[in-house]
$ cat upload.cif   # mmCIF, N, CA, C and O atoms
data_start
#
loop_
_atom_site.label_atom_id
_atom_site.label_comp_id
_atom_site.auth_asym_id
_atom_site.auth_seq_id
_atom_site.Cartn_x
_atom_site.Cartn_y
_atom_site.Cartn_z
N MET C 18 -83.47 -151.71 4.68
CA MET C 18 -84.78 -151.20 5.02
C MET C 18 -85.48 -152.22 5.91
O MET C 18 -85.67 -153.37 5.52
N PRO C 19 -85.88 -151.79 7.10
CA PRO C 19 -86.53 -152.76 8.01
C PRO C 19 -87.91 -153.14 7.53
O PRO C 19 -88.59 -152.36 6.85
N LEU C 20 -88.31 -154.34 7.90
CA LEU C 20 -89.63 -154.83 7.50
C LEU C 20 -90.73 -154.34 8.42
O LEU C 20 -91.89 -154.43 8.09
N HIS C 21 -90.37 -153.85 9.59
CA HIS C 21 -91.38 -153.32 10.51
C HIS C 21 -91.06 -151.87 10.83
O HIS C 21 -89.92 -151.43 10.71
N ARG C 22 -92.07 -151.15 11.22
CA ARG C 22 -91.90 -149.74 11.52
C ARG C 22 -91.66 -149.56 13.00
O ARG C 22 -92.33 -150.16 13.83
N THR C 23 -90.73 -148.68 13.32
CA THR C 23 -90.46 -148.39 14.72
C THR C 23 -91.13 -147.10 15.16
O THR C 23 -91.41 -146.93 16.33
N ASP C 24 -91.37 -146.19 14.24
CA ASP C 24 -92.02 -144.93 14.60
C ASP C 24 -93.46 -144.95 14.09
O ASP C 24 -93.71 -145.10 12.92
N PRO C 25 -94.41 -144.83 15.00
CA PRO C 25 -95.81 -144.88 14.55
C PRO C 25 -96.18 -143.62 13.78
O PRO C 25 -95.94 -142.51 14.23
N GLU C 26 -96.72 -143.82 12.61
CA GLU C 26 -97.22 -142.71 11.80
C GLU C 26 -98.72 -142.85 11.70
O GLU C 26 -99.24 -143.97 11.67
N PRO C 27 -99.41 -141.75 11.65
CA PRO C 27 -100.87 -141.86 11.51
C PRO C 27 -101.23 -142.50 10.18
O PRO C 27 -100.60 -142.25 9.16
N VAL C 28 -102.23 -143.34 10.23
CA VAL C 28 -102.71 -143.98 9.02
C VAL C 28 -103.84 -143.13 8.46
O VAL C 28 -104.81 -142.84 9.16
N VAL C 29 -103.68 -142.70 7.23
CA VAL C 29 -104.69 -141.88 6.59
C VAL C 29 -105.38 -142.73 5.54
O VAL C 29 -104.75 -143.27 4.65
N THR C 30 -106.67 -142.85 5.67
CA THR C 30 -107.43 -143.64 4.69
C THR C 30 -108.15 -142.70 3.74
O THR C 30 -108.40 -141.53 4.05
N TYR C 31 -108.50 -143.24 2.60
CA TYR C 31 -109.27 -142.46 1.64
C TYR C 31 -110.58 -142.01 2.24
O TYR C 31 -110.99 -140.86 2.08
N GLU C 32 -111.23 -142.92 2.96
CA GLU C 32 -112.53 -142.58 3.56
C GLU C 32 -112.40 -141.43 4.55
O GLU C 32 -113.28 -140.57 4.65
N GLY C 33 -111.29 -141.41 5.29
CA GLY C 33 -111.07 -140.34 6.25
C GLY C 33 -110.90 -139.00 5.57
O GLY C 33 -111.45 -137.99 6.01
N VAL C 34 -110.12 -138.98 4.50
CA VAL C 34 -109.92 -137.74 3.76
C VAL C 34 -111.22 -137.33 3.08
O VAL C 34 -111.62 -136.17 3.13
N ARG C 35 -111.89 -138.28 2.47
CA ARG C 35 -113.13 -138.00 1.72
C ARG C 35 -114.21 -137.41 2.62
O ARG C 35 -114.98 -136.56 2.19
N SER C 36 -114.25 -137.83 3.85
CA SER C 36 -115.29 -137.34 4.75
C SER C 36 -114.89 -136.06 5.49
O SER C 36 -115.68 -135.53 6.26
N SER C 37 -113.69 -135.56 5.24
CA SER C 37 -113.24 -134.36 5.94
C SER C 37 -113.96 -133.13 5.40
O SER C 37 -114.37 -133.07 4.24
N ARG C 38 -114.06 -132.12 6.25
CA ARG C 38 -114.69 -130.86 5.87
C ARG C 38 -113.90 -130.17 4.76
O ARG C 38 -114.48 -129.64 3.81
N GLU C 39 -112.57 -130.20 4.85
CA GLU C 39 -111.73 -129.55 3.86
C GLU C 39 -111.91 -130.17 2.47
O GLU C 39 -112.04 -129.45 1.48
N PHE C 40 -111.94 -131.49 2.40
CA PHE C 40 -112.11 -132.16 1.12
C PHE C 40 -113.49 -131.83 0.54
O PHE C 40 -113.62 -131.61 -0.66
N GLY C 41 -114.50 -131.80 1.40
CA GLY C 41 -115.84 -131.44 0.94
C GLY C 41 -115.87 -130.05 0.32
O GLY C 41 -116.50 -129.84 -0.72
N GLU C 42 -115.17 -129.10 0.92
CA GLU C 42 -115.13 -127.74 0.38
C GLU C 42 -114.37 -127.70 -0.95
O GLU C 42 -114.79 -127.02 -1.89
N ILE C 43 -113.28 -128.44 -1.05
CA ILE C 43 -112.53 -128.51 -2.30
C ILE C 43 -113.42 -129.09 -3.40
O ILE C 43 -113.48 -128.57 -4.52
N HIS C 44 -114.13 -130.14 -3.06
CA HIS C 44 -115.01 -130.80 -4.04
C HIS C 44 -116.14 -129.87 -4.48
O HIS C 44 -116.46 -129.79 -5.66
N ARG C 45 -116.73 -129.14 -3.54
CA ARG C 45 -117.79 -128.19 -3.87
C ARG C 45 -117.28 -127.08 -4.79
O ARG C 45 -117.93 -126.72 -5.76
N ARG C 46 -116.11 -126.54 -4.48
CA ARG C 46 -115.55 -125.48 -5.32
C ARG C 46 -115.29 -125.98 -6.73
O ARG C 46 -115.54 -125.28 -7.71
N PHE C 47 -114.76 -127.20 -6.83
CA PHE C 47 -114.48 -127.76 -8.15
C PHE C 47 -115.77 -127.93 -8.94
O PHE C 47 -115.84 -127.56 -10.11
N ARG C 48 -116.81 -128.46 -8.30
CA ARG C 48 -118.09 -128.65 -8.99
C ARG C 48 -118.69 -127.33 -9.42
O ARG C 48 -119.28 -127.23 -10.50
N ARG C 49 -118.58 -126.28 -8.58
CA ARG C 49 -119.13 -124.98 -8.96
C ARG C 49 -118.44 -124.40 -10.18
O ARG C 49 -119.03 -123.61 -10.90
N PHE C 50 -117.19 -124.76 -10.40
CA PHE C 50 -116.51 -124.32 -11.61
C PHE C 50 -116.78 -125.27 -12.77
O PHE C 50 -117.09 -124.84 -13.88
N ALA C 51 -116.66 -126.56 -12.52
CA ALA C 51 -116.68 -127.55 -13.60
C ALA C 51 -118.06 -127.70 -14.25
O ALA C 51 -118.14 -127.78 -15.48
N LEU C 52 -119.10 -127.75 -13.47
CA LEU C 52 -120.42 -128.00 -14.03
C LEU C 52 -120.85 -126.92 -15.04
O LEU C 52 -121.19 -127.25 -16.17
N PRO C 53 -120.81 -125.64 -14.69
CA PRO C 53 -121.19 -124.64 -15.68
C PRO C 53 -120.24 -124.62 -16.89
O PRO C 53 -120.67 -124.39 -18.02
N THR C 54 -118.96 -124.86 -16.63
CA THR C 54 -117.99 -124.86 -17.73
C THR C 54 -118.27 -126.00 -18.70
O THR C 54 -118.28 -125.80 -19.92
N VAL C 55 -118.50 -127.20 -18.18
CA VAL C 55 -118.79 -128.35 -19.04
C VAL C 55 -120.08 -128.12 -19.82
O VAL C 55 -120.15 -128.38 -21.02
N LEU C 56 -121.10 -127.62 -19.14
CA LEU C 56 -122.37 -127.35 -19.83
C LEU C 56 -122.19 -126.29 -20.93
O LEU C 56 -122.75 -126.42 -22.02
N GLY C 57 -121.41 -125.26 -20.65
CA GLY C 57 -121.15 -124.24 -21.66
C GLY C 57 -120.39 -124.77 -22.86
O GLY C 57 -120.74 -124.49 -24.01
N VAL C 58 -119.36 -125.57 -22.61
CA VAL C 58 -118.57 -126.13 -23.70
C VAL C 58 -119.41 -127.10 -24.52
O VAL C 58 -119.36 -127.10 -25.76
N LEU C 59 -120.20 -127.94 -23.87
CA LEU C 59 -121.07 -128.86 -24.60
C LEU C 59 -122.12 -128.10 -25.41
O LEU C 59 -122.42 -128.47 -26.55
N GLY C 60 -122.69 -127.05 -24.83
CA GLY C 60 -123.65 -126.24 -25.56
C GLY C 60 -123.04 -125.61 -26.79
O GLY C 60 -123.64 -125.61 -27.87
N TRP C 61 -121.83 -125.09 -26.64
CA TRP C 61 -121.11 -124.49 -27.78
C TRP C 61 -120.84 -125.55 -28.85
O TRP C 61 -121.01 -125.30 -30.04
N TYR C 62 -120.42 -126.74 -28.44
CA TYR C 62 -120.13 -127.81 -29.38
C TYR C 62 -121.41 -128.24 -30.12
O TYR C 62 -121.41 -128.38 -31.35
N PHE C 63 -122.50 -128.45 -29.38
CA PHE C 63 -123.74 -128.89 -30.02
C PHE C 63 -124.34 -127.80 -30.90
O PHE C 63 -125.00 -128.10 -31.90
N LEU C 64 -124.12 -126.54 -30.57
CA LEU C 64 -124.54 -125.46 -31.45
C LEU C 64 -123.84 -125.60 -32.80
O LEU C 64 -124.47 -125.48 -33.86
N TYR C 65 -122.56 -125.87 -32.77
CA TYR C 65 -121.78 -126.07 -33.99
C TYR C 65 -122.34 -127.25 -34.79
O TYR C 65 -122.54 -127.15 -36.00
N VAL C 66 -122.61 -128.35 -34.12
CA VAL C 66 -123.13 -129.54 -34.79
C VAL C 66 -124.52 -129.26 -35.39
O VAL C 66 -124.80 -129.63 -36.54
N VAL C 67 -125.39 -128.62 -34.63
CA VAL C 67 -126.74 -128.32 -35.11
C VAL C 67 -126.69 -127.37 -36.30
O VAL C 67 -127.40 -127.57 -37.30
N LEU C 68 -125.86 -126.35 -36.21
CA LEU C 68 -125.73 -125.42 -37.35
C LEU C 68 -125.22 -126.16 -38.59
O LEU C 68 -125.72 -125.93 -39.70
N ALA C 69 -124.26 -127.04 -38.41
CA ALA C 69 -123.71 -127.78 -39.55
C ALA C 69 -124.75 -128.73 -40.14
O ALA C 69 -124.83 -128.91 -41.36
N ALA C 70 -125.56 -129.33 -39.28
CA ALA C 70 -126.53 -130.32 -39.75
C ALA C 70 -127.78 -129.69 -40.36
O ALA C 70 -128.28 -130.17 -41.38
N PHE C 71 -128.28 -128.62 -39.75
CA PHE C 71 -129.56 -128.07 -40.16
C PHE C 71 -129.47 -126.76 -40.94
O PHE C 71 -130.46 -126.32 -41.52
N PHE C 72 -128.33 -126.13 -40.94
CA PHE C 72 -128.16 -124.87 -41.67
C PHE C 72 -126.89 -124.89 -42.51
O PHE C 72 -125.99 -124.04 -42.34
N PRO C 73 -126.78 -125.86 -43.41
CA PRO C 73 -125.55 -125.97 -44.20
C PRO C 73 -125.31 -124.74 -45.09
O PRO C 73 -124.15 -124.39 -45.35
N ASP C 74 -126.38 -124.11 -45.53
CA ASP C 74 -126.20 -122.92 -46.37
C ASP C 74 -125.54 -121.77 -45.58
O ASP C 74 -124.70 -121.05 -46.11
N LEU C 75 -125.93 -121.63 -44.32
CA LEU C 75 -125.31 -120.62 -43.46
C LEU C 75 -123.84 -120.95 -43.24
O LEU C 75 -122.98 -120.08 -43.33
N MET C 76 -123.55 -122.20 -42.97
CA MET C 76 -122.17 -122.60 -42.71
C MET C 76 -121.30 -122.49 -43.96
O MET C 76 -120.08 -122.39 -43.85
N ALA C 77 -121.91 -122.49 -45.14
CA ALA C 77 -121.16 -122.42 -46.40
C ALA C 77 -120.88 -120.99 -46.84
O ALA C 77 -120.16 -120.79 -47.81
N VAL C 78 -121.41 -120.01 -46.12
CA VAL C 78 -121.18 -118.62 -46.50
C VAL C 78 -119.69 -118.31 -46.37
O VAL C 78 -119.08 -118.55 -45.33
N ARG C 79 -119.12 -117.79 -47.43
CA ARG C 79 -117.69 -117.49 -47.45
C ARG C 79 -117.40 -116.21 -46.68
O ARG C 79 -118.11 -115.21 -46.80
N VAL C 80 -116.34 -116.26 -45.92
CA VAL C 80 -115.90 -115.10 -45.16
C VAL C 80 -114.76 -114.40 -45.89
O VAL C 80 -114.83 -113.21 -46.18
N VAL C 81 -113.73 -115.16 -46.18
CA VAL C 81 -112.56 -114.65 -46.90
C VAL C 81 -112.07 -115.76 -47.83
O VAL C 81 -111.72 -116.85 -47.35
N GLY C 82 -112.06 -115.53 -49.09
CA GLY C 82 -111.58 -116.54 -50.04
C GLY C 82 -112.36 -117.83 -49.91
O GLY C 82 -113.58 -117.84 -50.02
N GLU C 83 -111.66 -118.92 -49.66
CA GLU C 83 -112.29 -120.23 -49.51
C GLU C 83 -112.69 -120.54 -48.07
O GLU C 83 -113.20 -121.61 -47.77
N ILE C 84 -112.43 -119.62 -47.17
CA ILE C 84 -112.76 -119.83 -45.75
C ILE C 84 -114.21 -119.45 -45.52
O ILE C 84 -114.63 -118.33 -45.79
N ASN C 85 -115.00 -120.41 -45.00
CA ASN C 85 -116.42 -120.15 -44.77
C ASN C 85 -116.73 -120.12 -43.27
O ASN C 85 -115.86 -120.36 -42.44
N ILE C 86 -117.97 -119.82 -42.96
CA ILE C 86 -118.39 -119.71 -41.55
C ILE C 86 -118.19 -121.04 -40.82
O ILE C 86 -117.76 -121.06 -39.68
N GLY C 87 -118.49 -122.14 -41.49
CA GLY C 87 -118.31 -123.45 -40.86
C GLY C 87 -116.87 -123.71 -40.45
O GLY C 87 -116.61 -124.22 -39.36
N LEU C 88 -115.93 -123.35 -41.29
CA LEU C 88 -114.52 -123.52 -40.96
C LEU C 88 -114.12 -122.61 -39.81
O LEU C 88 -113.37 -123.03 -38.91
N CYS C 89 -114.64 -121.40 -39.80
CA CYS C 89 -114.36 -120.48 -38.69
C CYS C 89 -114.90 -121.03 -37.38
O CYS C 89 -114.21 -121.01 -36.35
N PHE C 90 -116.14 -121.54 -37.40
CA PHE C 90 -116.71 -122.14 -36.19
C PHE C 90 -115.90 -123.34 -35.74
O PHE C 90 -115.69 -123.54 -34.54
N GLY C 91 -115.46 -124.16 -36.68
CA GLY C 91 -114.63 -125.32 -36.34
C GLY C 91 -113.32 -124.91 -35.68
O GLY C 91 -112.89 -125.51 -34.70
N ALA C 92 -112.68 -123.88 -36.23
CA ALA C 92 -111.43 -123.39 -35.65
C ALA C 92 -111.69 -122.81 -34.25
O ALA C 92 -110.87 -122.98 -33.34
N LEU C 93 -112.84 -122.14 -34.09
CA LEU C 93 -113.17 -121.58 -32.78
C LEU C 93 -113.41 -122.66 -31.73
O LEU C 93 -113.25 -122.42 -30.53
N GLN C 94 -113.76 -123.87 -32.16
CA GLN C 94 -113.88 -124.98 -31.22
C GLN C 94 -112.52 -125.26 -30.56
O GLN C 94 -112.44 -125.47 -29.36
N PHE C 95 -111.47 -125.25 -31.36
CA PHE C 95 -110.12 -125.45 -30.82
C PHE C 95 -109.71 -124.29 -29.93
O PHE C 95 -109.15 -124.50 -28.85
N VAL C 96 -109.98 -123.08 -30.38
CA VAL C 96 -109.63 -121.90 -29.59
C VAL C 96 -110.33 -121.94 -28.24
O VAL C 96 -109.73 -121.67 -27.20
N SER C 97 -111.62 -122.28 -28.24
CA SER C 97 -112.36 -122.32 -26.98
C SER C 97 -111.84 -123.42 -26.06
O SER C 97 -111.82 -123.24 -24.84
N THR C 98 -111.40 -124.53 -26.61
CA THR C 98 -110.82 -125.60 -25.79
C THR C 98 -109.57 -125.11 -25.08
O THR C 98 -109.40 -125.33 -23.87
N PHE C 99 -108.69 -124.44 -25.81
CA PHE C 99 -107.47 -123.91 -25.18
C PHE C 99 -107.80 -122.81 -24.18
O PHE C 99 -107.16 -122.71 -23.13
N ALA C 100 -108.80 -121.99 -24.47
CA ALA C 100 -109.19 -120.92 -23.55
C ALA C 100 -109.74 -121.48 -22.25
O ALA C 100 -109.40 -121.00 -21.16
N VAL C 101 -110.58 -122.50 -22.35
CA VAL C 101 -111.13 -123.12 -21.14
C VAL C 101 -110.02 -123.77 -20.32
O VAL C 101 -110.00 -123.68 -19.09
N THR C 102 -109.07 -124.40 -20.99
CA THR C 102 -107.94 -125.01 -20.28
C THR C 102 -107.14 -123.96 -19.54
O THR C 102 -106.81 -124.13 -18.37
N ALA C 103 -106.82 -122.85 -20.20
CA ALA C 103 -106.06 -121.78 -19.56
C ALA C 103 -106.85 -121.17 -18.40
O ALA C 103 -106.28 -120.89 -17.33
N LEU C 104 -108.14 -120.97 -18.59
CA LEU C 104 -108.99 -120.43 -17.54
C LEU C 104 -109.01 -121.36 -16.33
O LEU C 104 -108.89 -120.92 -15.18
N TYR C 105 -109.15 -122.67 -16.58
CA TYR C 105 -109.17 -123.62 -15.47
C TYR C 105 -107.83 -123.63 -14.73
O TYR C 105 -107.81 -123.64 -13.49
N LEU C 106 -106.73 -123.62 -15.45
CA LEU C 106 -105.43 -123.62 -14.79
C LEU C 106 -105.25 -122.41 -13.90
O LEU C 106 -104.77 -122.51 -12.77
N ARG C 107 -105.65 -121.25 -14.40
CA ARG C 107 -105.54 -120.02 -13.60
C ARG C 107 -106.46 -120.08 -12.38
O ARG C 107 -106.07 -119.73 -11.26
N TRP C 108 -107.69 -120.54 -12.60
CA TRP C 108 -108.65 -120.63 -11.49
C TRP C 108 -108.17 -121.62 -10.45
O TRP C 108 -108.22 -121.34 -9.25
N ALA C 109 -107.72 -122.79 -10.88
CA ALA C 109 -107.27 -123.81 -9.93
C ALA C 109 -106.06 -123.33 -9.14
O ALA C 109 -105.96 -123.58 -7.94
N ARG C 110 -105.15 -122.65 -9.80
CA ARG C 110 -103.94 -122.16 -9.13
C ARG C 110 -104.29 -121.18 -8.01
O ARG C 110 -103.66 -121.19 -6.95
N THR C 111 -105.31 -120.36 -8.22
CA THR C 111 -105.64 -119.35 -7.22
C THR C 111 -106.71 -119.79 -6.23
O THR C 111 -106.70 -119.36 -5.08
N SER C 112 -107.63 -120.64 -6.66
CA SER C 112 -108.78 -120.96 -5.82
C SER C 112 -108.70 -122.35 -5.19
O SER C 112 -109.13 -122.53 -4.06
N LEU C 113 -108.18 -123.31 -5.92
CA LEU C 113 -108.21 -124.69 -5.46
C LEU C 113 -106.88 -125.14 -4.84
O LEU C 113 -106.87 -125.77 -3.78
N ASP C 114 -105.79 -124.84 -5.49
CA ASP C 114 -104.48 -125.32 -5.05
C ASP C 114 -104.12 -124.92 -3.62
O ASP C 114 -103.57 -125.73 -2.87
N PRO C 115 -104.40 -123.68 -3.19
CA PRO C 115 -104.08 -123.34 -1.80
C PRO C 115 -104.82 -124.24 -0.79
O PRO C 115 -104.24 -124.64 0.21
N MET C 116 -106.06 -124.55 -1.08
CA MET C 116 -106.81 -125.43 -0.17
C MET C 116 -106.26 -126.85 -0.19
O MET C 116 -106.18 -127.50 0.85
N VAL C 117 -105.89 -127.32 -1.37
CA VAL C 117 -105.31 -128.66 -1.49
C VAL C 117 -103.98 -128.72 -0.75
O VAL C 117 -103.71 -129.69 -0.02
N ASP C 118 -103.16 -127.70 -0.89
CA ASP C 118 -101.88 -127.65 -0.20
C ASP C 118 -102.07 -127.64 1.32
O ASP C 118 -101.33 -128.29 2.06
N GLN C 119 -103.07 -126.91 1.76
CA GLN C 119 -103.36 -126.85 3.20
C GLN C 119 -103.81 -128.22 3.71
O GLN C 119 -103.34 -128.68 4.75
N LEU C 120 -104.67 -128.90 2.98
CA LEU C 120 -105.12 -130.23 3.39
C LEU C 120 -103.96 -131.21 3.37
O LEU C 120 -103.79 -132.01 4.30
N ARG C 121 -103.12 -131.16 2.33
CA ARG C 121 -101.96 -132.04 2.24
C ARG C 121 -101.03 -131.81 3.42
O ARG C 121 -100.55 -132.76 4.05
N GLY C 122 -100.76 -130.55 3.75
CA GLY C 122 -99.89 -130.24 4.89
C GLY C 122 -100.45 -130.77 6.19
O GLY C 122 -99.71 -131.31 7.02
N ARG C 123 -101.74 -130.63 6.35
CA ARG C 123 -102.38 -131.15 7.56
C ARG C 123 -102.25 -132.66 7.65
O ARG C 123 -102.00 -133.21 8.72
N LEU C 124 -102.42 -133.34 6.53
CA LEU C 124 -102.28 -134.79 6.52
C LEU C 124 -100.85 -135.21 6.81
O LEU C 124 -100.61 -136.17 7.54
N GLU C 125 -99.88 -134.49 6.26
CA GLU C 125 -98.48 -134.83 6.47
C GLU C 125 -98.03 -134.54 7.89
O GLU C 125 -97.13 -135.20 8.40
N ARG C 126 -98.66 -133.58 8.56
CA ARG C 126 -98.30 -133.24 9.94
C ARG C 126 -98.92 -134.18 10.97
O ARG C 126 -98.53 -134.18 12.11
N GLY C 127 -99.89 -134.95 10.58
CA GLY C 127 -100.48 -135.81 11.59
C GLY C 127 -101.84 -136.34 11.26
O GLY C 127 -102.49 -136.95 12.09
N GLY C 128 -102.27 -136.10 10.08
CA GLY C 128 -103.53 -136.67 9.67
C GLY C 128 -104.73 -135.87 10.11
O GLY C 128 -104.62 -134.78 10.65
N LEU C 129 -105.87 -136.45 9.89
CA LEU C 129 -107.13 -135.81 10.24
C LEU C 129 -107.57 -136.28 11.60
O LEU C 129 -107.41 -137.42 11.96
N ARG C 130 -108.13 -135.36 12.34
CA ARG C 130 -108.64 -135.73 13.66
C ARG C 130 -110.11 -135.42 13.72
O ARG C 130 -110.64 -134.62 13.11
#

$ encode --input "upload.cif" --output "structure tokens"
Amino acid sequence: MPLHRTDPEPVVTYEGVRSSREFGEIHRRFRRFALPTVLGVLGWYFLYVVLAAFFPDLMAVRVVGEINIGLCFGALQFVSTFAVTALYLRWARTSLDPMVDQLRGRLERGGLR
């Protein structure tokens, strides 16, 4: 492997990619999805915590046998985590990944101009 390069390749810097129009659009799309999703998940989580802290009698109501509302809400926390993950993967595959692939291809073909 030679220590010097004989074929000039474009140098792509982080700052160059970060300031590109394509990266800005990718970042905006991600924020439009992530911000409401994070706020919704945090709201759901804090609702669970508030109900457990301030309404223990409600959370102790039995649903089936020894299973109470609090346990159901706790299990739904896990279900919602997996649901949000699946939703994000589907959304990213259709909305974000094509743009990322296009930007990557452009960088590999010659960088940003």

$ closest_residue --input "upload.cif" --among "C:Ala69, C:Ile86, C:Arg46, C:Ser37" --to "Thr111 (chain C)" --atoms "only C-alpha atoms"
C:Arg46

$ atom_distance --input "upload.cif" --atom1 "atom N of Glu42 (chain C)" --atom2 "atom C of Val117 (chain C)"
11.3 Å

$ atom_distance --input "upload.cif" --atom1 "atom O of Gln94 (chain C)" --atom2 "atom N of Ser112 (chain C)"
23.7 Å

$ atom_distance --input "upload.cif" --atom1 "CA of Leu88 (chain C)" --atom2 "CA of Val66 (chain C)"
12.2 Å

$ closest_residue --input "upload.cif" --among "C:Arg79, C:Arg126, C:Arg121, C:Arg110" --to "Phe47 (chain C)" --atoms "only C-alpha atoms"
C:Arg110

$ select_by_dssp --input "upload.cif" --residues "chain C" --states "alpha helix (DSSP H)" --output "JSON, numbers by chain"
{"C": [31, 32, 33, 34, 35, 38, 39, 40, 41, 42, 43, 44, 45, 46, 47, 48, 49, 50, 51, 52, 53, 54, 55, 56, 57, 58, 59, 60, 61, 62, 63, 64, 65, 66, 67, 68, 69, 70, 71, 73, 74, 75, 76, 86, 87, 88, 89, 90, 91, 92, 93, 94, 95, 96, 97, 98, 99, 100, 101, 102, 103, 104, 105, 106, 107, 108, 114, 115, 116, 117, 118, 119, 120, 121, 122, 123, 124, 125, 126, 127]}

$ select_by_dssp --input "upload.cif" --residues "region 18-86 of chain C" --states "strand (DSSP E or B)" --output "VMD selection string"
chain C and resid 79 to 81 84 to 85

$ write_last_selection --input "upload.cif" --atoms "N, CA, C and O atoms" --output "mmCIF file, in the coordinates of the input"
data_model
loop_
_atom_site.group_PDB
_atom_site.id
_atom_site.type_symbol
_atom_site.label_atom_id
_atom_site.label_comp_id
_atom_site.auth_asym_id
_atom_site.auth_seq_id
_atom_site.Cartn_x
_atom_site.Cartn_y
_atom_site.Cartn_z
ATOM 1 N N ARG C 79 -119.120 -117.790 -47.430
ATOM 2 C CA ARG C 79 -117.690 -117.490 -47.450
ATOM 3 C C ARG C 79 -117.400 -116.210 -46.680
ATOM 4 O O ARG C 79 -118.110 -115.210 -46.800
ATOM 5 N N VAL C 80 -116.340 -116.260 -45.920
ATOM 6 C CA VAL C 80 -115.900 -115.100 -45.160
ATOM 7 C C VAL C 80 -114.760 -114.400 -45.890
ATOM 8 O O VAL C 80 -114.830 -113.210 -46.180
ATOM 9 N N VAL C 81 -113.730 -115.160 -46.180
ATOM 10 C CA VAL C 81 -112.560 -114.650 -46.900
ATOM 11 C C VAL C 81 -112.070 -115.760 -47.830
ATOM 12 O O VAL C 81 -111.720 -116.850 -47.350
ATOM 13 N N ILE C 84 -112.430 -119.620 -47.170
ATOM 14 C CA ILE C 84 -112.760 -119.830 -45.750
ATOM 15 C C ILE C 84 -114.210 -119.450 -45.520
ATOM 16 O O ILE C 84 -114.630 -118.330 -45.790
ATOM 17 N N ASN C 85 -115.000 -120.410 -45.000
ATOM 18 C CA ASN C 85 -116.420 -120.150 -44.770
ATOM 19 C C ASN C 85 -116.730 -120.120 -43.270
ATOM 20 O O ASN C 85 -115.860 -120.360 -42.440
#

$ closest_residue --input "upload.cif" --among "C:Leu68, C:Met116, C:Val55, C:Val81" --to "Thr98 (chain C)" --atoms "only C-alpha atoms"
C:Val55

$ build_atoms --input "upload.cif" --residues "region 108-112 of chain C" --atoms "all heavy atoms" --output "PDB file, keeping the file's coordinate frame"
ATOM      1  N   TRP C 108    -107.690-120.540 -12.600  1.00  0.00           N
ATOM      2  CA  TRP C 108    -108.650-120.630 -11.490  1.00  0.00           C
ATOM      3  C   TRP C 108    -108.170-121.620 -10.450  1.00  0.00           C
ATOM      4  O   TRP C 108    -108.220-121.340  -9.250  1.00  0.00           O
ATOM      5  CB  TRP C 108    -110.018-121.040 -12.031  1.00  0.00           C
ATOM      6  CG  TRP C 108    -111.002-121.307 -10.948  1.00  0.00           C
ATOM      7  CD1 TRP C 108    -111.743-120.391 -10.275  1.00  0.00           C
ATOM      8  CD2 TRP C 108    -111.320-122.570 -10.378  1.00  0.00           C
ATOM      9  NE1 TRP C 108    -112.522-121.011  -9.328  1.00  0.00           N
ATOM     10  CE2 TRP C 108    -112.272-122.359  -9.369  1.00  0.00           C
ATOM     11  CE3 TRP C 108    -110.888-123.872 -10.627  1.00  0.00           C
ATOM     12  CZ2 TRP C 108    -112.801-123.386  -8.612  1.00  0.00           C
ATOM     13  CZ3 TRP C 108    -111.413-124.901  -9.869  1.00  0.00           C
ATOM     14  CH2 TRP C 108    -112.365-124.645  -8.879  1.00  0.00           C
ATOM     15  N   ALA C 109    -107.720-122.790 -10.880  1.00  0.00           N
ATOM     16  CA  ALA C 109    -107.270-123.810  -9.930  1.00  0.00           C
ATOM     17  C   ALA C 109    -106.060-123.330  -9.140  1.00  0.00           C
ATOM     18  O   ALA C 109    -105.960-123.580  -7.940  1.00  0.00           O
ATOM     19  CB  ALA C 109    -106.937-125.111 -10.671  1.00  0.00           C
ATOM     20  N   ARG C 110    -105.150-122.650  -9.800  1.00  0.00           N
ATOM     21  CA  ARG C 110    -103.940-122.160  -9.130  1.00  0.00           C
ATOM     22  C   ARG C 110    -104.290-121.180  -8.010  1.00  0.00           C
ATOM     23  O   ARG C 110    -103.660-121.190  -6.950  1.00  0.00           O
ATOM     24  CB  ARG C 110    -103.028-121.487 -10.148  1.00  0.00           C
ATOM     25  CG  ARG C 110    -101.629-121.249  -9.658  1.00  0.00           C
ATOM     26  CD  ARG C 110    -100.696-120.693 -10.736  1.00  0.00           C
ATOM     27  NE  ARG C 110    -100.737-121.506 -11.945  1.00  0.00           N
ATOM     28  CZ  ARG C 110    -101.139-121.051 -13.141  1.00  0.00           C
ATOM     29  NH1 ARG C 110    -101.523-119.802 -13.288  1.00  0.00           N
ATOM     30  NH2 ARG C 110    -101.150-121.838 -14.197  1.00  0.00           N
ATOM     31  N   THR C 111    -105.310-120.360  -8.220  1.00  0.00           N
ATOM     32  CA  THR C 111    -105.640-119.350  -7.220  1.00  0.00           C
ATOM     33  C   THR C 111    -106.710-119.790  -6.230  1.00  0.00           C
ATOM     34  O   THR C 111    -106.700-119.360  -5.080  1.00  0.00           O
ATOM     35  CB  THR C 111    -106.108-118.045  -7.901  1.00  0.00           C
ATOM     36  OG1 THR C 111    -107.255-118.327  -8.696  1.00  0.00           O
ATOM     37  CG2 THR C 111    -105.010-117.455  -8.753  1.00  0.00           C
ATOM     38  N   SER C 112    -107.630-120.640  -6.660  1.00  0.00           N
ATOM     39  CA  SER C 112    -108.780-120.960  -5.820  1.00  0.00           C
ATOM     40  C   SER C 112    -108.700-122.350  -5.190  1.00  0.00           C
ATOM     41  O   SER C 112    -109.130-122.530  -4.060  1.00  0.00           O
ATOM     42  CB  SER C 112    -110.060-120.859  -6.658  1.00  0.00           C
ATOM     43  OG  SER C 112    -111.174-121.170  -5.881  1.00  0.00           O
TER      44      SER C 112
END
